[in-house]
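J.: As input, take structure.txt (compact mmCIF, C-alpha atoms):
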```
# COMPACT_ATOMS: atom_id res chain seq x y z
CA MET A 225 -12.98 31.85 -18.24
CA VAL A 226 -11.08 29.65 -15.85
CA ASP A 227 -12.25 26.08 -15.77
CA MET A 228 -12.27 25.37 -12.03
CA MET A 229 -13.19 21.74 -12.58
CA LEU A 230 -10.11 21.20 -14.73
CA LEU A 231 -7.84 22.96 -12.23
CA ALA A 232 -9.25 20.84 -9.41
CA GLN A 233 -8.59 17.69 -11.46
CA LEU A 234 -5.04 18.83 -12.22
CA PHE A 235 -4.39 19.59 -8.56
CA ILE A 236 -5.69 16.27 -7.28
CA VAL A 237 -3.92 14.21 -9.95
CA CYS A 238 -0.60 15.93 -9.17
CA LEU A 239 -1.19 15.59 -5.43
CA ILE A 240 -1.71 11.83 -5.78
CA ILE A 241 1.37 11.50 -7.98
CA GLY A 242 3.36 13.61 -5.52
CA PHE A 243 2.41 11.33 -2.63
CA MET A 244 3.25 8.20 -4.61
CA ALA A 245 6.45 9.45 -6.26
CA PHE A 246 8.93 7.18 -4.50
CA GLY A 247 12.23 6.62 -6.21
CA GLY A 248 12.32 9.74 -8.33
CA GLY A 249 11.24 10.86 -11.77
CA TYR A 250 11.23 7.87 -14.05
CA ALA A 251 9.47 5.57 -11.58
CA MET A 252 6.33 7.67 -11.68
CA ILE A 253 5.97 7.70 -15.47
CA PRO A 254 3.46 4.78 -15.45
CA LEU A 255 1.37 6.60 -12.86
CA VAL A 256 1.40 9.87 -14.79
CA HIS A 257 0.66 7.98 -18.00
CA ASP A 258 -2.27 6.25 -16.33
CA PHE A 259 -3.86 9.55 -15.29
CA VAL A 260 -2.89 11.86 -18.13
CA VAL A 261 -3.25 9.54 -21.12
CA ASP A 262 -5.53 6.65 -20.10
CA ARG A 263 -7.91 8.16 -17.58
CA PHE A 264 -8.35 11.79 -18.58
CA GLY A 265 -7.13 11.74 -22.18
CA TRP A 266 -5.30 15.03 -21.75
CA MET A 267 -2.53 13.89 -24.11
CA GLY A 268 -1.87 11.23 -26.71
CA THR A 269 0.98 8.79 -26.19
CA GLN A 270 3.30 10.59 -28.61
CA GLU A 271 2.60 13.95 -27.01
CA PHE A 272 3.25 12.30 -23.66
CA THR A 273 6.65 11.01 -24.78
CA ASP A 274 7.58 14.45 -26.15
CA MET A 275 6.55 15.94 -22.83
CA ILE A 276 8.83 13.52 -20.96
CA ALA A 277 11.62 14.37 -23.43
CA ILE A 278 11.32 18.09 -22.72
CA ALA A 279 11.08 17.41 -18.98
CA GLY A 280 14.35 15.47 -19.26
CA MET A 281 16.08 18.21 -21.22
CA ALA A 282 15.45 20.97 -18.70
CA PRO A 283 17.17 21.33 -15.33
CA GLY A 284 15.22 20.25 -12.30
CA PRO A 285 13.40 17.09 -11.31
CA ILE A 286 11.44 15.18 -13.96
CA ALA A 287 8.33 15.04 -11.77
CA VAL A 288 8.10 18.79 -11.30
CA ASN A 289 9.01 19.48 -14.92
CA SER A 290 6.24 17.12 -16.06
CA ALA A 291 3.76 18.85 -13.76
CA THR A 292 4.80 22.20 -15.21
CA LEU A 293 4.24 21.01 -18.77
CA ILE A 294 1.02 19.10 -18.14
CA GLY A 295 -0.42 22.06 -16.27
CA PHE A 296 0.54 24.47 -19.04
CA HIS A 297 -0.80 22.14 -21.72
CA GLN A 298 -4.19 21.95 -19.99
CA ALA A 299 -4.71 25.41 -18.53
CA GLY A 300 -1.84 27.81 -19.24
CA ILE A 301 0.15 29.50 -16.48
CA LEU A 302 -2.61 28.96 -13.92
CA GLY A 303 -2.52 25.26 -14.76
CA THR A 304 1.23 25.17 -14.25
CA LEU A 305 0.95 26.79 -10.83
CA THR A 306 -1.85 24.44 -9.78
CA ALA A 307 0.00 21.33 -10.96
CA VAL A 308 3.38 22.28 -9.47
CA ILE A 309 1.84 23.15 -6.08
CA GLY A 310 -0.04 19.85 -6.12
CA MET A 311 3.13 17.93 -6.97
CA VAL A 312 5.30 19.63 -4.32
CA LEU A 313 2.81 19.84 -1.44
CA PRO A 314 3.36 16.22 -0.30
CA SER A 315 7.15 16.81 -0.12
CA LEU A 316 6.63 19.91 1.97
CA LEU A 317 4.11 18.35 4.33
CA ILE A 318 6.14 15.20 4.88
CA ALA A 319 9.36 17.17 5.38
CA LEU A 320 7.69 19.33 8.04
CA ILE A 321 6.23 16.29 9.80
CA ILE A 322 9.59 14.49 9.79
CA VAL A 323 11.54 17.44 11.14
CA TYR A 324 8.90 17.82 13.86
CA MET A 325 9.02 14.10 14.72
CA VAL A 326 12.82 14.05 14.90
CA LYS A 327 12.78 17.08 17.20
CA ARG A 328 10.12 15.52 19.36
CA PHE A 329 11.10 11.85 19.50
CA GLY A 330 14.74 11.83 18.43
CA ASP A 331 16.20 10.15 15.40
CA ARG A 332 15.15 6.57 16.01
CA GLN A 333 15.64 4.18 13.13
CA ASN A 334 12.37 2.47 12.48
CA LYS A 335 12.94 -1.16 11.46
CA TRP A 336 9.41 -1.68 10.21
CA LEU A 337 9.58 1.37 7.98
CA HIS A 338 12.91 0.18 6.62
CA SER A 339 11.46 -3.23 5.86
CA ALA A 340 8.67 -1.57 3.89
CA PHE A 341 11.35 0.07 1.78
CA ASP A 342 13.06 -3.29 1.26
CA GLY A 343 9.89 -4.37 -0.53
CA LEU A 344 9.28 -1.04 -2.21
CA LYS A 345 12.68 -0.58 -3.84
CA PRO A 346 12.74 -3.68 -6.08
CA ALA A 347 9.14 -2.90 -7.07
CA ILE A 348 10.17 0.62 -8.07
CA THR A 349 12.87 -0.90 -10.27
CA GLY A 350 10.05 -2.94 -11.82
CA LEU A 351 8.00 0.22 -12.32
CA ILE A 352 10.85 1.90 -14.18
CA ILE A 353 11.41 -1.18 -16.37
CA TYR A 354 7.69 -1.22 -17.14
CA SER A 355 7.70 2.43 -18.11
CA ALA A 356 10.63 1.78 -20.49
CA LEU A 357 8.64 -1.11 -21.97
CA VAL A 358 5.51 0.99 -22.49
CA MET A 359 7.49 3.85 -24.00
CA ALA A 360 9.29 1.46 -26.35
CA ILE A 361 5.98 0.02 -27.57
CA ASN A 362 4.30 3.42 -27.86
CA ASN A 363 7.11 4.72 -30.02
CA GLY A 364 7.19 1.82 -32.43
CA LEU A 365 10.50 0.40 -31.31
CA THR A 366 9.02 -3.06 -31.24
CA GLN A 367 7.09 -2.88 -34.50
CA THR A 368 7.71 -5.21 -37.39
CA TRP A 369 11.09 -4.81 -38.97
CA ASP A 370 11.31 -1.93 -41.42
CA SER A 371 13.76 0.86 -42.07
CA HIS A 372 12.06 3.19 -39.58
CA SER A 373 11.84 0.82 -36.65
CA SER A 374 15.37 -0.48 -37.23
CA SER A 375 16.79 3.04 -37.28
CA GLN A 376 14.89 3.76 -34.06
CA MET A 377 16.30 0.58 -32.56
CA LEU A 378 19.82 1.67 -33.53
CA ILE A 379 19.31 5.10 -31.98
CA PHE A 380 17.99 3.44 -28.83
CA LEU A 381 21.00 1.10 -28.57
CA ALA A 382 23.53 3.84 -29.35
CA SER A 383 21.92 6.12 -26.74
CA LEU A 384 22.00 3.36 -24.14
CA MET A 385 25.67 2.62 -24.83
CA ALA A 386 26.48 6.32 -24.61
CA LEU A 387 24.64 6.60 -21.27
CA LEU A 388 26.38 3.52 -19.88
CA PHE A 389 29.91 4.15 -21.05
CA LEU A 390 30.37 7.86 -21.69
CA ARG A 391 30.39 9.67 -18.42
CA ILE A 392 28.59 12.73 -19.75
CA HIS A 393 25.30 14.23 -18.77
CA PRO A 394 22.15 12.77 -20.39
CA VAL A 395 21.10 16.18 -21.72
CA TYR A 396 24.03 16.12 -24.18
CA ILE A 397 22.99 12.70 -25.40
CA ILE A 398 19.44 13.98 -25.95
CA LEU A 399 20.79 16.94 -27.92
CA ALA A 400 23.11 14.72 -29.98
CA SER A 401 20.17 12.44 -30.70
CA GLY A 402 18.21 15.45 -31.93
CA VAL A 403 20.97 16.24 -34.42
CA VAL A 404 21.01 12.60 -35.58
CA GLY A 405 17.24 12.83 -36.03
CA ILE A 406 17.53 15.94 -38.19
CA VAL A 407 20.12 14.21 -40.39
CA LEU A 408 18.16 10.95 -40.64
CA TYR A 409 14.51 11.93 -40.81
CA SER A 410 14.25 15.33 -42.45
CA MET B 163 8.71 38.29 12.57
CA ASN B 164 12.04 39.77 13.58
CA ARG B 165 14.85 40.88 11.37
CA GLU B 166 17.09 37.86 11.94
CA LYS B 167 14.36 35.51 10.79
CA TRP B 168 13.71 37.55 7.66
CA LYS B 169 17.39 37.53 6.82
CA LEU B 170 17.53 33.75 7.24
CA LEU B 171 14.47 33.27 5.05
CA ARG B 172 15.88 35.52 2.37
CA ASP B 173 19.19 33.68 2.56
CA LEU B 174 17.45 30.31 2.23
CA PHE B 175 15.45 31.52 -0.74
CA PHE B 176 18.42 32.91 -2.67
CA THR B 177 20.73 30.01 -1.83
CA PHE B 178 18.27 27.51 -3.24
CA LEU B 179 17.40 29.83 -6.12
CA LYS B 180 21.04 29.62 -7.21
CA ILE B 181 21.10 25.84 -6.88
CA GLY B 182 18.02 25.30 -9.03
CA PRO B 183 19.20 26.08 -12.56
CA VAL B 184 22.80 24.87 -12.15
CA THR B 185 22.16 21.16 -12.50
CA PHE B 186 20.47 19.36 -15.30
CA GLY B 187 18.37 16.28 -14.74
CA GLY B 188 17.82 17.07 -11.08
CA GLY B 189 18.36 14.42 -8.45
CA TYR B 190 21.79 13.33 -7.41
CA ALA B 191 23.78 15.89 -9.37
CA MET B 192 22.08 18.58 -7.34
CA LEU B 193 23.02 17.08 -3.99
CA ALA B 194 26.72 17.89 -4.22
CA ILE B 195 25.89 21.52 -4.87
CA ILE B 196 23.33 21.68 -2.07
CA GLU B 197 25.92 20.20 0.30
CA ARG B 198 28.59 22.69 -0.78
CA GLU B 199 26.27 25.63 -0.18
CA VAL B 200 24.61 24.45 3.03
CA THR B 201 27.55 22.92 4.91
CA GLY B 202 30.40 24.80 3.21
CA LYS B 203 29.54 28.38 2.40
CA LYS B 204 26.67 29.00 4.79
CA ARG B 205 27.67 26.61 7.59
CA TRP B 206 24.03 25.99 8.40
CA MET B 207 24.75 22.42 9.49
CA ASP B 208 27.56 19.86 9.61
CA SER B 209 28.00 17.22 6.95
CA GLU B 210 26.65 14.45 9.18
CA GLU B 211 23.37 16.27 9.58
CA MET B 212 23.40 16.98 5.85
CA ASN B 213 23.79 13.26 5.11
CA ASP B 214 20.85 12.45 7.39
CA ILE B 215 18.78 14.94 5.41
CA PHE B 216 19.77 13.37 2.08
CA THR B 217 18.92 9.90 3.37
CA THR B 218 15.50 11.10 4.48
CA ALA B 219 15.02 13.07 1.27
CA SER B 220 15.56 9.98 -0.85
CA ALA B 221 13.22 7.88 1.28
CA ILE B 222 10.14 10.10 1.26
CA PRO B 223 8.06 10.55 -1.89
CA GLY B 224 8.90 13.35 -4.30
CA ALA B 225 12.02 14.63 -6.00
CA ILE B 226 15.13 14.36 -3.86
CA ALA B 227 16.28 17.94 -4.54
CA ILE B 228 12.90 19.39 -3.54
CA ASN B 229 12.74 17.19 -0.46
CA SER B 230 16.24 18.29 0.57
CA ALA B 231 15.30 21.94 0.15
CA ALA B 232 12.13 21.46 2.20
CA LEU B 233 14.01 19.56 4.92
CA VAL B 234 16.87 22.06 5.18
CA GLY B 235 14.39 24.93 5.22
CA SER B 236 12.12 23.46 7.87
CA ARG B 237 15.08 22.37 9.97
CA LEU B 238 16.41 25.94 10.03
CA ALA B 239 13.27 28.04 10.08
CA GLY B 240 10.14 25.89 10.35
CA MET B 241 7.29 26.13 7.90
CA ALA B 242 8.34 29.54 6.51
CA GLY B 243 11.85 28.22 5.94
CA ALA B 244 10.57 25.15 4.11
CA LEU B 245 8.46 27.37 1.86
CA ALA B 246 11.30 29.82 1.17
CA ALA B 247 13.76 27.07 0.22
CA THR B 248 11.25 25.10 -1.85
CA ILE B 249 10.01 28.08 -3.82
CA GLY B 250 13.62 29.12 -4.35
CA VAL B 251 14.66 25.78 -5.79
CA LEU B 252 11.51 25.52 -7.92
CA MET B 253 11.23 28.93 -9.48
CA PRO B 254 14.08 28.96 -12.02
CA THR B 255 13.51 25.40 -13.24
CA VAL B 256 9.77 25.87 -13.62
CA MET B 257 10.38 28.99 -15.70
CA ILE B 258 12.96 27.28 -17.91
CA VAL B 259 10.66 24.32 -18.51
CA LEU B 260 7.79 26.69 -19.31
CA LEU B 261 9.91 28.47 -21.91
CA LEU B 262 10.94 25.16 -23.46
CA GLY B 263 7.32 23.98 -23.44
CA VAL B 264 6.05 27.15 -25.10
CA ALA B 265 8.82 26.98 -27.71
CA PHE B 266 7.96 23.36 -28.43
CA THR B 267 4.25 24.13 -28.81
CA TYR B 268 5.05 26.62 -31.56
CA LEU B 269 7.83 24.66 -33.24
CA GLN B 270 6.60 21.07 -33.11
CA GLN B 271 5.08 21.25 -36.59
CA HIS B 272 8.38 22.39 -38.08
CA PRO B 273 9.92 19.50 -40.06
CA LEU B 274 13.36 19.85 -38.44
CA VAL B 275 11.94 19.80 -34.91
CA ALA B 276 9.68 16.89 -35.78
CA ALA B 277 12.69 15.00 -37.20
CA ALA B 278 14.79 15.73 -34.12
CA PHE B 279 12.05 14.48 -31.83
CA THR B 280 11.58 11.27 -33.80
CA SER B 281 15.13 10.39 -32.76
CA ILE B 282 14.86 11.86 -29.26
CA ARG B 283 11.87 9.61 -28.48
CA ALA B 284 14.09 6.55 -28.93
CA THR B 285 16.76 8.14 -26.76
CA ILE B 286 14.21 8.77 -23.99
CA VAL B 287 13.45 5.04 -23.92
CA ALA B 288 17.19 4.43 -23.49
CA LEU B 289 17.27 7.03 -20.73
CA ILE B 290 14.53 5.20 -18.82
CA VAL B 291 16.27 1.83 -19.26
CA TYR B 292 19.41 3.48 -17.92
CA ALA B 293 17.45 4.88 -14.96
CA ALA B 294 16.16 1.37 -14.21
CA TYR B 295 19.73 0.04 -14.34
CA ARG B 296 21.05 2.76 -12.06
CA PHE B 297 18.26 2.36 -9.53
CA GLY B 298 18.13 -1.44 -9.73
CA ARG B 299 21.88 -1.93 -9.36
CA ALA B 300 21.73 -0.78 -5.76
CA VAL B 301 18.49 -2.39 -4.64
CA VAL B 302 18.05 -5.65 -6.58
CA TRP B 303 20.69 -7.75 -4.87
CA ASP B 304 19.26 -11.15 -3.92
CA LYS B 305 16.70 -13.70 -5.07
CA THR B 306 13.84 -12.10 -3.15
CA SER B 307 14.36 -8.61 -4.53
CA PHE B 308 14.90 -9.97 -8.05
CA ALA B 309 11.65 -11.92 -7.83
CA LEU B 310 9.80 -8.87 -6.52
CA CYS B 311 11.09 -6.77 -9.39
CA LEU B 312 10.15 -9.39 -11.98
CA VAL B 313 6.68 -9.97 -10.51
CA THR B 314 6.07 -6.21 -10.57
CA VAL B 315 6.83 -5.97 -14.28
CA VAL B 316 4.63 -8.97 -15.11
CA MET B 317 1.75 -7.71 -12.97
CA LEU B 318 1.90 -4.27 -14.58
CA TYR B 319 2.35 -5.49 -18.12
CA SER B 320 0.17 -8.59 -18.31
CA PHE B 321 -2.46 -7.93 -15.66
CA HIS B 322 -2.59 -4.13 -15.90
CA ILE B 323 -2.68 -3.59 -12.16
CA HIS B 324 -2.53 0.02 -11.08
CA PRO B 325 0.90 1.53 -10.18
CA ILE B 326 -0.45 2.72 -6.82
CA LEU B 327 -1.30 -0.88 -5.99
CA VAL B 328 2.30 -1.81 -6.79
CA ILE B 329 3.62 0.79 -4.35
CA VAL B 330 1.24 -0.13 -1.54
CA GLY B 331 1.49 -3.89 -2.18
CA SER B 332 5.27 -4.05 -2.32
CA SER B 333 5.60 -2.09 0.92
CA ALA B 334 3.24 -4.58 2.56
CA ILE B 335 5.31 -7.48 1.19
CA GLY B 336 8.47 -5.88 2.57
CA ILE B 337 6.92 -5.69 6.04
CA LEU B 338 5.58 -9.24 5.77
CA LEU B 339 8.98 -10.65 4.79
CA PHE B 340 10.56 -8.81 7.68
CA ALA B 341 8.00 -10.22 10.10
CA ILE B 342 8.72 -13.75 8.82
CA LYS B 343 12.44 -13.16 9.21
CA VAL B 344 12.00 -11.94 12.79
CA ARG B 345 9.90 -14.97 13.67
CA ARG B 346 12.40 -17.37 12.09
CA LYS B 347 15.16 -15.78 14.03
CA GLU B 348 13.25 -16.23 17.26
CA GLU B 349 12.54 -19.88 16.46
CA GLN B 350 16.15 -20.47 15.62
CA ALA B 351 17.23 -18.82 18.82
CA THR B 352 15.07 -21.20 20.87
CA ARG B 353 16.33 -24.17 18.84
CA GLN B 354 19.88 -23.14 19.46
CA ASP B 355 19.14 -23.06 23.14
CA GLN B 356 18.02 -26.67 23.01
CA THR B 357 20.86 -28.17 21.00
CA THR B 358 24.52 -27.86 21.79
CA ASN B 359 25.32 -27.96 18.07
CA PRO B 360 23.86 -24.81 16.55
CA VAL B 361 22.64 -24.66 12.97
CA PRO B 362 24.84 -22.39 10.86
CA ASP B 363 23.38 -19.00 10.21
CA TYR B 364 22.74 -19.01 6.47
CA PHE B 365 20.63 -16.06 5.53
CA MET B 366 20.10 -13.93 8.54
CA GLY B 367 20.48 -10.36 7.49
CA GLU B 368 21.79 -8.86 10.69
CA GLY B 369 20.49 -5.37 11.17
CA ILE B 370 18.16 -5.31 8.18
```
Written as structure tokens, how would this file's structure read?
T.:
Amino acid sequence: MVDMMLLAQLFIVCLIIGFMAFGGGYAMIPLVHDFVVDRFGWMGTQEFTDMIAIAGMAPGPIAVNSATLIGFHQAGILGTLTAVIGMVLPSLLIALIIVYMVKRFGDRQNKWLHSAFDGLKPAITGLIIYSALVMAINNGLTQTWDSHSSSQMLIFLASLMALLFLRIHPVYIILASGVVGIVLYS
Amino acid sequence: MNREKWKLLRDLFFTFLKIGPVTFGGGYAMLAIIEREVTGKKRWMDSEEMNDIFTTASAIPGAIAINSAALVGSRLAGMAGALAATIGVLMPTVMIVLLLGVAFTYLQQHPLVAAAFTSIRATIVALIVYAAYRFGRAVVWDKTSFALCLVTVVMLYSFHIHPILVIVGSSAIGILLFAIKVRRKEEQATRQDQTTNPVPDYFMGEGI
């Protein structure tokens, strides 16, 4: 039996996230967390982090990958379809409107719109920093000093250095980290 | 619908279908490939038009690769084109993620997988810090933007304001600051008319 209520919730949550997803994948983690973990309790924080990890490992945008996984987690394939359509619909609608506007009114640069983005962009940086902070706390990186938290801290620092200085794709760093985890924690 | 249109739609769909699975992590890595296909192989538009599309795609909400697909599609073939390109770019990645998700559901209890993910969770935090650095490097460039960024983190962390409020509020602040700047500029212009010795222009962002 398909739970229509759940599908409707999934659709609306993803639609809202889709409309608010300025600045790409990692900026919308706090928003997704707010809905999926805090408000609806669909996932625990650890499950949520694992979900983000898998979304980051696969090709494609983080936002759509998260929608795919959240939808599947809640309601199988139908949930995935509902969530992905909800997440992508704002992009489609806005793209159509913009192409129409440009055709109709020409490509005029709107100063007021640009000024809104001048405010929005630093705030999005703040959003991403906040999501790093929340993830760090959720995963015990900031707990009292013991062998587990210090090894996690080391992995975090090594990963960050690798991302900053090795010019290789993040997915390899995630995979390498998985191998380190198997050696360290199993 | 005539034959030409169908051919274009099919072309759009398969072009973006190919682009989808090639790049990991989405976003900017994908753009080079989209550009190569759209302006190079298919000659659907010139690179100037392509750049306009990328600028717009990064400014509107949603993933930049999806937005680019939707914009290219709708520019070439209206609503049907947007749908064809978007579904094309989405389909392979959604299926790959689904497979990964299903595999994880079955394997997460396995001690090796659990151990791997204990480490990966710390790496994901690093990945997000790195994303903040990459994004912030380009947009946090003066005192005002630094303050805005800092205030956002404090508001979210200490006062638990909702992320949507951050997005709406910061846009409003951007417009407000711009309005103040415009007014100041006008005042200064009138002052300069009155005095023969003009005040040096210290912070006027021309063309912002």
J.: Please list as a count of residues only every residue within 10 Å of region 265-282 of chain A, counting all atoms listed in the file and excluding residues in the same chain fewer than 2 positions away.
T.: 59
J.: Which residues, written as a list in words, have at least one atom at most 8 Å from Ser230 (chain B), with all atoms listed in the file counted and residues fewer than 2 positions away on the same chain left out?
T.: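 The neighbour list is Ile215, Phe216, Ala219, Ile226, Ala227, Ile228, Ala232, Leu233 and Val234 of chain B.
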J.: Take CA of Thr314 (chain B) and CA of Gln376 (chain A) and report the distance between them in Å, one decimal.
T.: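 Here the two named atoms are 27.0 Å from each other.
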J.: Near Ser236 (chain B), counting only C-alpha atoms, which residues have an atom at most 10 Å away, once you skip same-chain residues fewer than 2 positions from it, shown as a list in words?
T.: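 Listing them by chain and then by number gives Leu316, Ala319, Leu320, Ile321, Ile322, Val323 and Tyr324 of chain A; Ser230, Ala231, Ala232, Leu233, Val234, Leu238, Ala239, Gly240, Met241, Ala242, Gly243, Ala244, Leu245, Ala246, Ala247 and Thr248 of chain B.
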J.: So, with all atoms listed in the file as the atoms that count, which of A:Thr304, A:Ser339, A:Ser315, A:Thr366 lies closest to Ser220 (chain B)?
T.: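 Smallest distance to Ser220 (chain B) is found for A:Ser315.
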J.: Here is a test: counting all atoms listed in the file, which residue of B:Asp173, B:Glu166, B:Asp214, B:Glu197 is nearest to chain A?
T.: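 Ranking B:Asp173, B:Glu166, B:Asp214, B:Glu197 by distance to chain A, first place goes to B:Asp214.
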J.: When distances are computed from all atoms listed in the file, which of A:Met244, A:Ala386, A:Leu302, A:Leu357 shows the smallest separation from Leu230 (chain A)?
T.: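 Of A:Met244, A:Ala386, A:Leu302, A:Leu357, the one nearest Leu230 (chain A) is A:Leu302, counting all atoms listed in the file.
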